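Enquirer: One structure coming up, written as structure tokens, with questions to follow.
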Amino acid sequence: MRGPEDPAFQEALHRDDPGLLDDHAPIGYLSTTPDGLIVRVNATFLTWTGHRREDLVGRRRFVDLLPVGGRLYHETHYAPTLRMQGSAREIALEVVCADGRRLPVLVNSVLDRDADGTPRVIRTAVLDATERRRYEQELLAARRRAEESEARAVELAQTLQQTLIPPTPPHIPGLDVAAAYRPAGDGRHVGGDFYDVFQVATDDWVVALGDVQGKGAEAAVVTALARYTVRAASVDHDAPSAVLRTLDRVLRQAETDRFCTVALVRLRRTDDSWRATIACGGHPLPLLRRAGRPPEPVGTHGPLVGILPRATFTDTDVDLAPGDALVLFTDGVPEGRRGRDFYGPDRLLAVVDAHRGPAADVTDAILADAMAFQSDEPRDDIAVVTIAVA
């Protein structure tokens, strides 16, 4: 066997003589005429494919060793590229072996021309791509598994989100209630915003709007905990402030470092009007819009829920007459961004002031304006609840 120190081997390197390099080449090598007829092939290629030299040289073209799909690609892409550019690099093909199996390969070819530009010979290097193909297939399989897992997670998240946010507020005689929710981004992940409207007794209702810090499964767990704690505590406590204290204690004792903000309103009928008792924990204050007057914030700011020991929350009583309305919203509305600009409270006040029809009109107008401001791509969840006295 000739080695690298053999003068004949060194001469072969300079002459590019595959006949002497067969036993040493780590790649397959083919020389063909411009029309593809094989005129030289090295031992490496023969070993990989199982073909005999006498069956290939002068008898078959390179394209004859390709399956149907490879032949089409050869004629429509590979051969034209070689003719126009003089080379073709890293072309992924399959070579049909003598036993019928297919060998994945990467092909690099160069078209040599005479001094007058006439095509003379095509030199082709063939690399065994079996391991690369296996790696690519494993990557594709892993990607499919990841996509399927993500799809299942998204489906679960959306199902969970639907359980946390009632699709339609209940009918309350004497009140007109409407709600809207829009998750951040593409809406594929569970957000932390939630709202709830439920009855405690006859003509005694509770409206809760909250925002749990963060997103994802853990935030969803805390969201569910917050929502059902508010429901349970509202049965035992008349004052919304006491409900928030209970929620605060539950969150601080839970195995989570997440907190939330909540605006809580208890509504009780008094003759032909309603009395609203409002308590807020770290949440934007609701807007009170009375008939014939501009809207304004109402209530008292309180601390974040689930953070501070001995947190205190304050109740504010407001009498609501026919035509009056309360608007609750999460910070995804005023903190909506467009570039460096914030949506801001003034714009929100203007929208509420301009829409004095049914509660659904007010809610839809706020959501539409906040979304338009952010080019329909909100960075944070948006939730709005409007309560109007009919």
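Chain labels A, B, ... are given in the sequence in which chains occur in the structure tokens; within each chain residues are numbered consecutively from 1, and ligands are likewise numbered from 1 in the order shown.
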Using DSSP on the backbone coordinates, identify the residues of region 45-288 of chain A assigned to alpha helix (DSSP H); present them as number ranges by chain.
Expert: A: 45-49, 53-56, 68-73, 79-85, 130-164, 216-236, 240-253
Enquirer: What are the DSSP strand (DSSP E or B) residues of region 96-256 of chain A, as a ChimeraX atom specification?
Expert: /A:96,102-113,119-128,172,175-182,193-201,204-212
Enquirer: Separation of CA of Glu150 (chain A) and CA of Ala372 (chain A), in Å?
Expert: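 Those two atoms sit 29.0 Å apart.
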Enquirer: Quick one: everything within 10 Å of Val235 (chain A), counting only C-alpha atoms, minus sequence neighbours fewer than 4 positions away in the same chain. Send it as a ChimeraX atom specification.
Expert: /A:199-201,230-231,243
Enquirer: So that I can see what lies close to region 278-295 of chain A, please list as a PDB file with N, CA and C atoms, in the first residue's frame the residues with an atom at most 9 Å from it, counting only C-alpha atoms and leaving out residues fewer than 2 positions away in the same chain.
Expert:
```pdb
ATOM      1  N   LEU A 209     -61.846  42.132  39.993  1.00  0.00           N
ATOM      2  CA  LEU A 209     -60.954  42.224  38.840  1.00  0.00           C
ATOM      3  C   LEU A 209     -59.531  42.214  39.377  1.00  0.00           C
ATOM      4  N   GLY A 210     -58.705  41.274  38.910  1.00  0.00           N
ATOM      5  CA  GLY A 210     -57.361  41.142  39.462  1.00  0.00           C
ATOM      6  C   GLY A 210     -56.309  40.868  38.413  1.00  0.00           C
ATOM      7  N   ASP A 211     -55.072  40.960  38.863  1.00  0.00           N
ATOM      8  CA  ASP A 211     -53.926  40.754  37.986  1.00  0.00           C
ATOM      9  C   ASP A 211     -52.828  40.077  38.799  1.00  0.00           C
ATOM     10  N   ALA A 239     -67.419  43.158  54.173  1.00  0.00           N
ATOM     11  CA  ALA A 239     -66.574  44.250  53.676  1.00  0.00           C
ATOM     12  C   ALA A 239     -65.539  43.729  52.678  1.00  0.00           C
ATOM     13  N   PRO A 240     -65.417  44.348  51.525  1.00  0.00           N
ATOM     14  CA  PRO A 240     -64.368  43.957  50.574  1.00  0.00           C
ATOM     15  C   PRO A 240     -62.964  44.039  51.177  1.00  0.00           C
ATOM     16  N   SER A 241     -62.737  44.990  52.074  1.00  0.00           N
ATOM     17  CA  SER A 241     -61.410  45.101  52.697  1.00  0.00           C
ATOM     18  C   SER A 241     -61.072  43.839  53.483  1.00  0.00           C
ATOM     19  N   LEU A 244     -60.031  41.154  51.073  1.00  0.00           N
ATOM     20  CA  LEU A 244     -58.657  41.342  50.608  1.00  0.00           C
ATOM     21  C   LEU A 244     -57.652  40.937  51.677  1.00  0.00           C
ATOM     22  N   CYS A 260     -50.464  39.676  43.729  1.00  0.00           N
ATOM     23  CA  CYS A 260     -51.476  40.113  42.773  1.00  0.00           C
ATOM     24  C   CYS A 260     -52.019  41.467  43.177  1.00  0.00           C
ATOM     25  N   THR A 261     -52.730  42.075  42.256  1.00  0.00           N
ATOM     26  CA  THR A 261     -53.498  43.288  42.536  1.00  0.00           C
ATOM     27  C   THR A 261     -54.965  42.951  42.323  1.00  0.00           C
ATOM     28  N   VAL A 262     -55.826  43.584  43.102  1.00  0.00           N
ATOM     29  CA  VAL A 262     -57.261  43.290  43.013  1.00  0.00           C
ATOM     30  C   VAL A 262     -58.064  44.560  43.254  1.00  0.00           C
ATOM     31  N   ALA A 263     -59.092  44.754  42.431  1.00  0.00           N
ATOM     32  CA  ALA A 263     -60.125  45.746  42.709  1.00  0.00           C
ATOM     33  C   ALA A 263     -61.399  44.959  43.003  1.00  0.00           C
ATOM     34  N   LEU A 264     -61.982  45.204  44.189  1.00  0.00           N
ATOM     35  CA  LEU A 264     -63.128  44.420  44.647  1.00  0.00           C
ATOM     36  C   LEU A 264     -64.291  45.362  44.937  1.00  0.00           C
ATOM     37  N   VAL A 265     -65.435  45.040  44.367  1.00  0.00           N
ATOM     38  CA  VAL A 265     -66.632  45.870  44.544  1.00  0.00           C
ATOM     39  C   VAL A 265     -67.779  44.983  45.027  1.00  0.00           C
ATOM     40  N   ARG A 266     -68.432  45.418  46.126  1.00  0.00           N
ATOM     41  CA  ARG A 266     -69.644  44.727  46.597  1.00  0.00           C
ATOM     42  C   ARG A 266     -70.826  45.633  46.304  1.00  0.00           C
ATOM     43  N   LEU A 267     -71.821  45.096  45.648  1.00  0.00           N
ATOM     44  CA  LEU A 267     -72.982  45.860  45.211  1.00  0.00           C
ATOM     45  C   LEU A 267     -74.231  45.358  45.919  1.00  0.00           C
ATOM     46  N   ALA A 276     -72.309  50.762  46.198  1.00  0.00           N
ATOM     47  CA  ALA A 276     -71.089  50.027  45.873  1.00  0.00           C
ATOM     48  C   ALA A 276     -70.056  50.283  46.959  1.00  0.00           C
ATOM     49  N   PRO A 297     -61.506  58.825  39.164  1.00  0.00           N
ATOM     50  CA  PRO A 297     -61.164  57.664  39.985  1.00  0.00           C
ATOM     51  C   PRO A 297     -61.907  57.710  41.316  1.00  0.00           C
ATOM     52  N   VAL A 298     -62.223  56.518  41.830  1.00  0.00           N
ATOM     53  CA  VAL A 298     -62.934  56.444  43.098  1.00  0.00           C
ATOM     54  C   VAL A 298     -62.323  55.321  43.926  1.00  0.00           C
ATOM     55  N   GLY A 299     -62.239  55.535  45.241  1.00  0.00           N
ATOM     56  CA  GLY A 299     -61.684  54.527  46.131  1.00  0.00           C
ATOM     57  C   GLY A 299     -60.380  54.987  46.739  1.00  0.00           C
ATOM     58  N   THR A 300     -59.725  54.093  47.451  1.00  0.00           N
ATOM     59  CA  THR A 300     -58.463  54.379  48.132  1.00  0.00           C
ATOM     60  C   THR A 300     -57.431  53.331  47.732  1.00  0.00           C
ATOM     61  N   HIS A 301     -56.240  53.815  47.384  1.00  0.00           N
ATOM     62  CA  HIS A 301     -55.178  52.887  47.003  1.00  0.00           C
ATOM     63  C   HIS A 301     -54.768  52.040  48.203  1.00  0.00           C
ATOM     64  N   GLY A 302     -54.513  50.770  47.941  1.00  0.00           N
ATOM     65  CA  GLY A 302     -54.039  49.862  48.977  1.00  0.00           C
ATOM     66  C   GLY A 302     -52.781  49.162  48.521  1.00  0.00           C
ATOM     67  N   PRO A 303     -52.112  48.413  49.407  1.00  0.00           N
ATOM     68  CA  PRO A 303     -50.865  47.731  49.050  1.00  0.00           C
ATOM     69  C   PRO A 303     -51.108  46.527  48.147  1.00  0.00           C
ATOM     70  N   LEU A 304     -50.030  46.048  47.525  1.00  0.00           N
ATOM     71  CA  LEU A 304     -50.106  44.811  46.758  1.00  0.00           C
ATOM     72  C   LEU A 304     -50.567  43.675  47.662  1.00  0.00           C
ATOM     73  N   VAL A 305     -51.286  42.725  47.084  1.00  0.00           N
ATOM     74  CA  VAL A 305     -51.844  41.623  47.861  1.00  0.00           C
ATOM     75  C   VAL A 305     -50.874  40.439  47.834  1.00  0.00           C
ATOM     76  N   THR A 312     -53.093  46.622  55.240  1.00  0.00           N
ATOM     77  CA  THR A 312     -54.430  47.142  55.524  1.00  0.00           C
ATOM     78  C   THR A 312     -55.071  47.660  54.243  1.00  0.00           C
ATOM     79  N   PHE A 313     -56.362  47.437  54.143  1.00  0.00           N
ATOM     80  CA  PHE A 313     -57.116  47.851  52.963  1.00  0.00           C
ATOM     81  C   PHE A 313     -58.320  48.665  53.416  1.00  0.00           C
ATOM     82  N   THR A 314     -58.754  49.589  52.579  1.00  0.00           N
ATOM     83  CA  THR A 314     -59.788  50.549  52.958  1.00  0.00           C
ATOM     84  C   THR A 314     -61.017  50.397  52.085  1.00  0.00           C
ATOM     85  N   ASP A 315     -62.198  50.470  52.719  1.00  0.00           N
ATOM     86  CA  ASP A 315     -63.462  50.443  51.986  1.00  0.00           C
ATOM     87  C   ASP A 315     -63.925  51.857  51.673  1.00  0.00           C
ATOM     88  N   THR A 316     -64.493  52.019  50.486  1.00  0.00           N
ATOM     89  CA  THR A 316     -65.088  53.293  50.091  1.00  0.00           C
ATOM     90  C   THR A 316     -66.502  53.020  49.595  1.00  0.00           C
ATOM     91  N   ASP A 317     -67.487  53.698  50.192  1.00  0.00           N
ATOM     92  CA  ASP A 317     -68.888  53.526  49.796  1.00  0.00           C
ATOM     93  C   ASP A 317     -69.281  54.577  48.767  1.00  0.00           C
ATOM     94  N   VAL A 318     -69.976  54.133  47.731  1.00  0.00           N
ATOM     95  CA  VAL A 318     -70.440  55.029  46.678  1.00  0.00           C
ATOM     96  C   VAL A 318     -71.871  54.638  46.330  1.00  0.00           C
ATOM     97  N   LEU A 320     -74.877  54.613  43.755  1.00  0.00           N
ATOM     98  CA  LEU A 320     -75.014  54.660  42.302  1.00  0.00           C
ATOM     99  C   LEU A 320     -76.480  54.830  41.933  1.00  0.00           C
ATOM    100  N   ALA A 321     -76.757  55.878  41.154  1.00  0.00           N
ATOM    101  CA  ALA A 321     -78.114  56.148  40.677  1.00  0.00           C
ATOM    102  C   ALA A 321     -78.229  55.718  39.222  1.00  0.00           C
ATOM    103  N   PRO A 322     -79.459  55.618  38.693  1.00  0.00           N
ATOM    104  CA  PRO A 322     -79.625  55.276  37.282  1.00  0.00           C
ATOM    105  C   PRO A 322     -78.786  56.193  36.393  1.00  0.00           C
ATOM    106  N   GLY A 323     -78.061  55.602  35.453  1.00  0.00           N
ATOM    107  CA  GLY A 323     -77.191  56.359  34.562  1.00  0.00           C
ATOM    108  C   GLY A 323     -75.750  56.392  35.013  1.00  0.00           C
ATOM    109  N   ASP A 324     -75.498  56.055  36.292  1.00  0.00           N
ATOM    110  CA  ASP A 324     -74.123  56.022  36.793  1.00  0.00           C
ATOM    111  C   ASP A 324     -73.454  54.703  36.395  1.00  0.00           C
ATOM    112  N   ALA A 325     -72.128  54.723  36.365  1.00  0.00           N
ATOM    113  CA  ALA A 325     -71.387  53.516  35.985  1.00  0.00           C
ATOM    114  C   ALA A 325     -70.040  53.473  36.683  1.00  0.00           C
ATOM    115  N   LEU A 326     -69.590  52.261  36.976  1.00  0.00           N
ATOM    116  CA  LEU A 326     -68.237  52.008  37.464  1.00  0.00           C
ATOM    117  C   LEU A 326     -67.478  51.223  36.394  1.00  0.00           C
ATOM    118  N   VAL A 327     -66.243  51.629  36.145  1.00  0.00           N
ATOM    119  CA  VAL A 327     -65.408  50.956  35.158  1.00  0.00           C
ATOM    120  C   VAL A 327     -64.153  50.429  35.858  1.00  0.00           C
ATOM    121  N   LEU A 328     -63.980  49.117  35.859  1.00  0.00           N
ATOM    122  CA  LEU A 328     -62.808  48.482  36.433  1.00  0.00           C
ATOM    123  C   LEU A 328     -61.907  48.020  35.287  1.00  0.00           C
ATOM    124  N   PHE A 329     -60.587  48.123  35.469  1.00  0.00           N
ATOM    125  CA  PHE A 329     -59.659  47.755  34.390  1.00  0.00           C
ATOM    126  C   PHE A 329     -58.323  47.345  35.006  1.00  0.00           C
ATOM    127  N   THR A 330     -57.588  46.524  34.288  1.00  0.00           N
ATOM    128  CA  THR A 330     -56.242  46.158  34.730  1.00  0.00           C
ATOM    129  C   THR A 330     -55.224  47.137  34.147  1.00  0.00           C
ATOM    130  N   ASP A 331     -53.983  47.064  34.651  1.00  0.00           N
ATOM    131  CA  ASP A 331     -52.978  48.040  34.225  1.00  0.00           C
ATOM    132  C   ASP A 331     -52.538  47.853  32.777  1.00  0.00           C
ATOM    133  N   LEU A 349     -59.812  58.087  30.461  1.00  0.00           N
ATOM    134  CA  LEU A 349     -60.906  58.935  30.947  1.00  0.00           C
ATOM    135  C   LEU A 349     -61.705  59.508  29.781  1.00  0.00           C
ATOM    136  N   ALA A 350     -60.998  59.886  28.726  1.00  0.00           N
ATOM    137  CA  ALA A 350     -61.683  60.472  27.568  1.00  0.00           C
ATOM    138  C   ALA A 350     -62.581  59.444  26.890  1.00  0.00           C
ATOM    139  N   VAL A 352     -64.004  56.771  28.304  1.00  0.00           N
ATOM    140  CA  VAL A 352     -65.143  56.502  29.183  1.00  0.00           C
ATOM    141  C   VAL A 352     -66.147  57.654  29.128  1.00  0.00           C
ATOM    142  N   ASP A 353     -65.649  58.874  29.066  1.00  0.00           N
ATOM    143  CA  ASP A 353     -66.527  60.044  29.021  1.00  0.00           C
ATOM    144  C   ASP A 353     -67.292  60.104  27.706  1.00  0.00           C
ATOM    145  N   ARG A 356     -71.379  56.754  26.641  1.00  0.00           N
ATOM    146  CA  ARG A 356     -72.325  56.734  27.762  1.00  0.00           C
ATOM    147  C   ARG A 356     -73.531  55.864  27.459  1.00  0.00           C
TER     148      ARG A 356
END
```
Enquirer: Asp364 (chain A): which residues within 9 Å, counting only C-alpha atoms, same-chain residues fewer than 5 positions away excluded, as a list in words?
Expert: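 Once the adjacent positions are removed, what remains is Ala178, Ala179, Ala180, Ala359, Asp369 and Val384 of chain A.
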Enquirer: Can you tell me how far CA of Gln374 (chain A) sits from CA of Arg340 (chain A), in Å to one decimal?
Expert: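 Spanning CA of Gln374 (chain A) to CA of Arg340 (chain A) is a straight-line distance of 11.2 Å.
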